[in-house]
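> Got model-v8.cif for you, mmCIF, C-alpha atoms, pLDDT in the B column; chains and numbers go by the auth columns:
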data_my_file
#
loop_
_atom_site.group_PDB
_atom_site.id
_atom_site.type_symbol
_atom_site.label_atom_id
_atom_site.label_comp_id
_atom_site.label_asym_id
_atom_site.label_seq_id
_atom_site.Cartn_x
_atom_site.Cartn_y
_atom_site.Cartn_z
_atom_site.B_iso_or_equiv
_atom_site.auth_seq_id
_atom_site.auth_asym_id
ATOM 1 C CA MET A 1 0.000 0.000 0.000 43.00 17 A
ATOM 2 C CA ASN A 2 1.179 3.467 -0.727 42.00 18 A
ATOM 3 C CA THR A 3 -0.533 6.645 0.337 48.00 19 A
ATOM 4 C CA GLU A 4 -2.122 6.934 -3.114 52.00 20 A
ATOM 5 C CA GLY A 5 -3.579 3.432 -2.810 83.00 21 A
ATOM 6 C CA TYR A 6 -6.839 4.566 -1.216 92.00 22 A
ATOM 7 C CA PRO A 7 -9.005 7.651 -1.588 94.00 23 A
ATOM 8 C CA SER A 8 -8.692 10.039 1.341 91.00 24 A
ATOM 9 C CA LYS A 9 -12.257 9.320 2.502 94.00 25 A
ATOM 10 C CA ILE A 10 -11.414 5.595 2.722 96.00 26 A
ATOM 11 C CA VAL A 11 -8.313 6.326 4.807 95.00 27 A
ATOM 12 C CA ILE A 12 -10.468 8.467 7.109 95.00 28 A
ATOM 13 C CA ALA A 13 -13.019 5.640 7.330 97.00 29 A
ATOM 14 C CA TRP A 14 -10.201 3.186 8.123 97.00 30 A
ATOM 15 C CA GLY A 15 -9.127 5.425 10.993 96.00 31 A
ATOM 16 C CA GLU A 16 -12.669 5.518 12.329 97.00 32 A
ATOM 17 C CA ALA A 17 -12.885 1.732 12.121 98.00 33 A
ATOM 18 C CA ILE A 18 -9.582 1.396 13.985 97.00 34 A
ATOM 19 C CA SER A 19 -11.006 3.674 16.683 96.00 35 A
ATOM 20 C CA GLY A 20 -13.935 1.331 17.202 95.00 36 A
ATOM 21 C CA ASN A 21 -16.662 2.444 14.786 97.00 37 A
ATOM 22 C CA LEU A 22 -18.222 -0.944 14.055 97.00 38 A
ATOM 23 C CA ALA A 23 -20.597 0.344 11.375 98.00 39 A
ATOM 24 C CA ILE A 24 -17.735 1.783 9.352 98.00 40 A
ATOM 25 C CA ARG A 25 -15.655 -1.356 9.839 97.00 41 A
ATOM 26 C CA GLU A 26 -18.536 -3.433 8.483 97.00 42 A
ATOM 27 C CA TRP A 27 -18.978 -0.978 5.597 98.00 43 A
ATOM 28 C CA LEU A 28 -15.310 -1.376 4.648 98.00 44 A
ATOM 29 C CA LEU A 29 -15.679 -5.170 4.733 97.00 45 A
ATOM 30 C CA ALA A 30 -18.759 -5.099 2.490 97.00 46 A
ATOM 31 C CA ASN A 31 -17.765 -2.366 0.042 97.00 47 A
ATOM 32 C CA GLY A 32 -14.507 -3.347 -1.562 96.00 48 A
ATOM 33 C CA TYR A 33 -12.043 -2.734 1.250 97.00 49 A
ATOM 34 C CA PRO A 34 -12.122 -6.013 3.194 98.00 50 A
ATOM 35 C CA GLU A 35 -8.402 -5.760 3.982 97.00 51 A
ATOM 36 C CA LEU A 36 -8.980 -2.574 5.962 98.00 52 A
ATOM 37 C CA GLY A 37 -11.862 -4.087 7.927 97.00 53 A
ATOM 38 C CA VAL A 38 -9.900 -7.278 8.561 98.00 54 A
ATOM 39 C CA PHE A 39 -6.915 -5.131 9.607 98.00 55 A
ATOM 40 C CA VAL A 40 -8.985 -3.850 12.536 97.00 56 A
ATOM 41 C CA HIS A 41 -9.677 -7.420 13.664 97.00 57 A
ATOM 42 C CA ALA A 42 -5.997 -8.331 13.241 97.00 58 A
ATOM 43 C CA LEU A 43 -4.926 -5.272 15.217 97.00 59 A
ATOM 44 C CA ASN A 44 -7.113 -6.583 18.025 95.00 60 A
ATOM 45 C CA ASN A 45 -5.181 -9.881 18.048 94.00 61 A
ATOM 46 C CA GLN A 46 -7.653 -12.047 16.139 96.00 62 A
ATOM 47 C CA ASP A 47 -5.502 -14.819 14.730 96.00 63 A
ATOM 48 C CA ASP A 48 -7.875 -15.682 11.881 98.00 64 A
ATOM 49 C CA ALA A 49 -7.734 -12.061 10.689 98.00 65 A
ATOM 50 C CA ARG A 50 -3.947 -12.088 10.831 98.00 66 A
ATOM 51 C CA THR A 51 -3.935 -15.280 8.775 98.00 67 A
ATOM 52 C CA TRP A 52 -6.425 -13.773 6.297 98.00 68 A
ATOM 53 C CA LEU A 53 -4.174 -10.765 5.680 98.00 69 A
ATOM 54 C CA MET A 54 -1.230 -13.030 4.905 97.00 70 A
ATOM 55 C CA GLU A 55 -3.205 -15.454 2.744 98.00 71 A
ATOM 56 C CA ASN A 56 -4.919 -12.696 0.750 98.00 72 A
ATOM 57 C CA ASN A 57 -1.841 -10.762 -0.340 97.00 73 A
ATOM 58 C CA PHE A 58 -1.708 -8.100 2.377 97.00 74 A
ATOM 59 C CA PRO A 59 1.526 -8.983 4.205 97.00 75 A
ATOM 60 C CA HIS A 60 2.385 -5.270 4.308 97.00 76 A
ATOM 61 C CA LEU A 61 -0.674 -4.611 6.489 98.00 77 A
ATOM 62 C CA MET A 62 0.300 -7.459 8.796 98.00 78 A
ATOM 63 C CA ALA A 63 3.851 -6.081 8.905 98.00 79 A
ATOM 64 C CA LEU A 64 2.401 -2.692 9.876 98.00 80 A
ATOM 65 C CA ILE A 65 0.694 -4.322 12.862 98.00 81 A
ATOM 66 C CA ASN A 66 3.750 -6.388 13.808 97.00 82 A
ATOM 67 C CA GLY A 67 5.980 -3.335 13.473 97.00 83 A
ATOM 68 C CA ALA A 68 3.642 -1.334 15.687 97.00 84 A
ATOM 69 C CA GLU A 69 3.999 -4.134 18.225 95.00 85 A
ATOM 70 C CA GLY A 70 7.768 -3.614 18.177 94.00 86 A
ATOM 71 C CA ASN A 71 8.781 -6.523 15.936 97.00 87 A
ATOM 72 C CA PRO A 72 12.131 -5.471 14.395 97.00 88 A
ATOM 73 C CA ASN A 73 11.843 -8.059 11.606 98.00 89 A
ATOM 74 C CA ALA A 74 8.550 -6.548 10.464 98.00 90 A
ATOM 75 C CA LEU A 75 10.103 -3.087 10.387 98.00 91 A
ATOM 76 C CA LEU A 76 13.058 -4.405 8.395 98.00 92 A
ATOM 77 C CA TRP A 77 10.712 -6.195 5.966 98.00 93 A
ATOM 78 C CA LEU A 78 8.723 -3.000 5.382 98.00 94 A
ATOM 79 C CA LYS A 79 11.895 -1.020 4.710 97.00 95 A
ATOM 80 C CA LYS A 80 13.409 -3.716 2.470 98.00 96 A
ATOM 81 C CA ASN A 81 10.219 -3.898 0.418 97.00 97 A
ATOM 82 C CA LYS A 82 10.060 -0.124 0.046 96.00 98 A
ATOM 83 C CA TYR A 83 7.034 0.427 2.270 97.00 99 A
ATOM 84 C CA ASP A 84 8.707 3.473 3.783 96.00 100 A
ATOM 85 C CA VAL A 85 5.460 5.169 4.798 97.00 101 A
ATOM 86 C CA LEU A 86 4.145 2.006 6.464 97.00 102 A
ATOM 87 C CA GLU A 87 7.465 1.537 8.239 98.00 103 A
ATOM 88 C CA LYS A 88 7.246 5.068 9.655 98.00 104 A
ATOM 89 C CA MET A 89 3.588 4.491 10.556 98.00 105 A
ATOM 90 C CA ALA A 90 4.531 1.317 12.434 98.00 106 A
ATOM 91 C CA ARG A 91 7.269 3.128 14.345 98.00 107 A
ATOM 92 C CA ALA A 92 4.953 6.045 15.115 98.00 108 A
ATOM 93 C CA ALA A 93 2.327 3.576 16.333 97.00 109 A
ATOM 94 C CA ASP A 94 5.007 2.120 18.613 96.00 110 A
ATOM 95 C CA ASN A 95 5.359 5.501 20.339 93.00 111 A
ATOM 96 C CA HIS A 96 8.301 6.821 18.266 95.00 112 A
ATOM 97 C CA GLU A 97 7.727 10.563 18.099 96.00 113 A
ATOM 98 C CA GLU A 98 10.329 11.152 15.387 97.00 114 A
ATOM 99 C CA SER A 99 8.497 8.838 12.983 97.00 115 A
ATOM 100 C CA LEU A 100 5.247 10.665 13.612 97.00 116 A
ATOM 101 C CA MET A 101 7.030 13.928 12.865 98.00 117 A
ATOM 102 C CA TRP A 102 8.451 12.425 9.648 98.00 118 A
ATOM 103 C CA LEU A 103 4.926 11.607 8.461 97.00 119 A
ATOM 104 C CA LEU A 104 3.789 15.130 9.206 97.00 120 A
ATOM 105 C CA GLU A 105 6.858 16.685 7.549 97.00 121 A
ATOM 106 C CA LYS A 106 6.170 14.598 4.426 96.00 122 A
ATOM 107 C CA ASP A 107 2.630 16.055 4.381 95.00 123 A
ATOM 108 C CA LEU A 108 0.973 12.741 5.257 95.00 124 A
ATOM 109 C CA PRO A 109 -1.432 13.819 7.996 95.00 125 A
ATOM 110 C CA ASP A 110 -3.906 11.004 7.229 94.00 126 A
ATOM 111 C CA MET A 111 -1.178 8.391 7.691 96.00 127 A
ATOM 112 C CA ALA A 112 -0.014 10.117 10.888 97.00 128 A
ATOM 113 C CA ALA A 113 -3.592 9.995 12.183 96.00 129 A
ATOM 114 C CA ILE A 114 -3.859 6.280 11.363 97.00 130 A
ATOM 115 C CA ALA A 115 -0.577 5.645 13.204 97.00 131 A
ATOM 116 C CA GLN A 116 -1.855 7.525 16.238 97.00 132 A
ATOM 117 C CA ARG A 117 -5.094 5.528 16.249 97.00 133 A
ATOM 118 C CA ILE A 118 -3.149 2.263 15.963 97.00 134 A
ATOM 119 C CA CYS A 119 -0.970 3.440 18.869 96.00 135 A
ATOM 120 C CA ILE A 120 -4.016 4.121 21.045 96.00 136 A
ATOM 121 C CA VAL A 121 -5.500 0.677 20.345 96.00 137 A
ATOM 122 C CA LYS A 122 -2.164 -1.101 20.805 93.00 138 A
ATOM 123 C CA ASN A 123 -1.440 0.713 24.069 90.00 139 A
ATOM 124 C CA GLU A 124 -4.928 -0.068 25.385 90.00 140 A
ATOM 125 C CA ILE A 125 -4.504 -3.770 24.587 84.00 141 A
ATOM 126 C CA GLU A 126 -1.123 -3.748 26.325 82.00 142 A
ATOM 127 C CA ARG A 127 -2.585 -1.964 29.355 84.00 143 A
ATOM 128 C CA ARG A 128 -5.407 -4.531 29.620 79.00 144 A
ATOM 129 C CA ASN A 129 -2.934 -7.410 29.290 77.00 145 A
ATOM 130 C CA ASN A 130 -0.707 -5.932 31.990 74.00 146 A
ATOM 131 C CA ASP A 131 -3.712 -5.424 34.282 66.00 147 A
ATOM 132 C CA ILE A 132 -4.731 -9.069 33.853 61.00 148 A
ATOM 133 C CA HIS A 133 -1.204 -10.314 34.562 57.00 149 A
ATOM 134 C CA SER A 134 -0.762 -8.094 37.609 56.00 150 A
ATOM 135 C CA ILE A 135 -3.855 -9.378 39.424 56.00 151 A
ATOM 136 C CA SER A 136 -2.808 -11.443 42.392 52.00 152 A
ATOM 137 C CA PRO A 137 -4.985 -14.350 43.527 54.00 153 A
ATOM 138 C CA PHE A 138 -4.090 -13.499 47.133 51.00 154 A
#
Starting from the coordinates I provided, produce the structure as structure tokens.

Amino acid sequence: MNTEGYPSKIVIAWGEAISGNLAIREWLLANGYPELGVFVHALNNQDDARTWLMENNFPHLMALINGAEGNPNALLWLKKNKYDVLEKMARAADNHEESLMWLLEKDLPDMAAIAQRICIVKNEIERRNNDIHSISPF
């Protein structure tokens, strides 16, 4: 995916779906953008969605998620395969301020917004996981 791959309104809809708008997520799934709807499920750790992205020719979207989760191999894969914008989005979604600034300096505010939304979701999942693991049975 490059930034020209989707109309701006679809990128905005993708961001809304990432932020939890179920109606928009379902609209993306049903109206020619299933990869963006499935991305939301994959971001929320649904293994079947992660498999779907890989099996349906969207490894770059899965690498975006893995990169946002701090996987250095995913970041390297994105860079090697010339997905520079996605690589910066992944880093920005992993709380790297300089990558967010790069997106903004390159006049990619929609991609910066997507990265920020991914970051919010990822951080919330991490917070919930840490809360579950810190509960003592005593």
> Any idea what the distance is between atom CA of Glu113 of chain A and atom CA of Leu92 of chain A?
18.6 Å
> List the spatial neighbours of Leu102 of chain A as a list in words - criterion: any atom at most 10 Å away, all atoms listed in the file, same-chain residues fewer than 6 positions off excluded.
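Here the answer would be Met17, Asn18, Thr19, His76, Leu77, Ala79, Leu80, Ile81, Gly83, Ala84, Leu91, Leu94, Lys95, Ala108, Leu119, Met127 and Ala131 of chain A.
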> Need to verify the contact set: Trp118 of chain A, 9 Å, only C-alpha atoms, exclusion of same-chain residues closer than 5 positions in sequence. Can you return it as a ChimeraX atom specification?
/A:104,113,123-124,128
> Applied to this file, what does the PyMOL selection byres ((chain A and resi 109) around 7) return in terms of residues, put as a list in words?
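Taken on the displayed file, the PyMOL selection byres ((chain A and resi 109) around 7) yields the residues Ala84, Met105, Ala106, Arg107, Ala108, Asp110, Asn111, Ala131, Gln132, Ile134 and Cys135 of chain A.
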> Quick one, how far is atom CA of His57 of chain A from atom CA of Val27 of chain A?
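Atom CA of His57 of chain A sits 16.4 Å away from atom CA of Val27 of chain A.
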> Which residues come within 10 Å of segment 31-47 of chain A, counting all atoms listed in the file, excluding same-chain residues fewer than 2 positions away, as a PyMOL selection string?
chain A and resi 25-29+49-57+59-60+126-127+129-134+136-137
> Calculate how many Å separate atom CA of Ser115 of chain A from atom CA of Tyr99 of chain A, rounding to one decimal.
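The value is 13.7 Å.
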> Padding 5 Å on each side, edges along x, y and z: where is the centre of the box around the listed atoms of segment 140-143 of chain A, and how long are its edges in Å to one decimal? Output it as JSON.

{"center_x": -3.0, "center_y": -1.9, "center_z": 27.0, "size_x": 13.8, "size_y": 13.7, "size_z": 14.8}
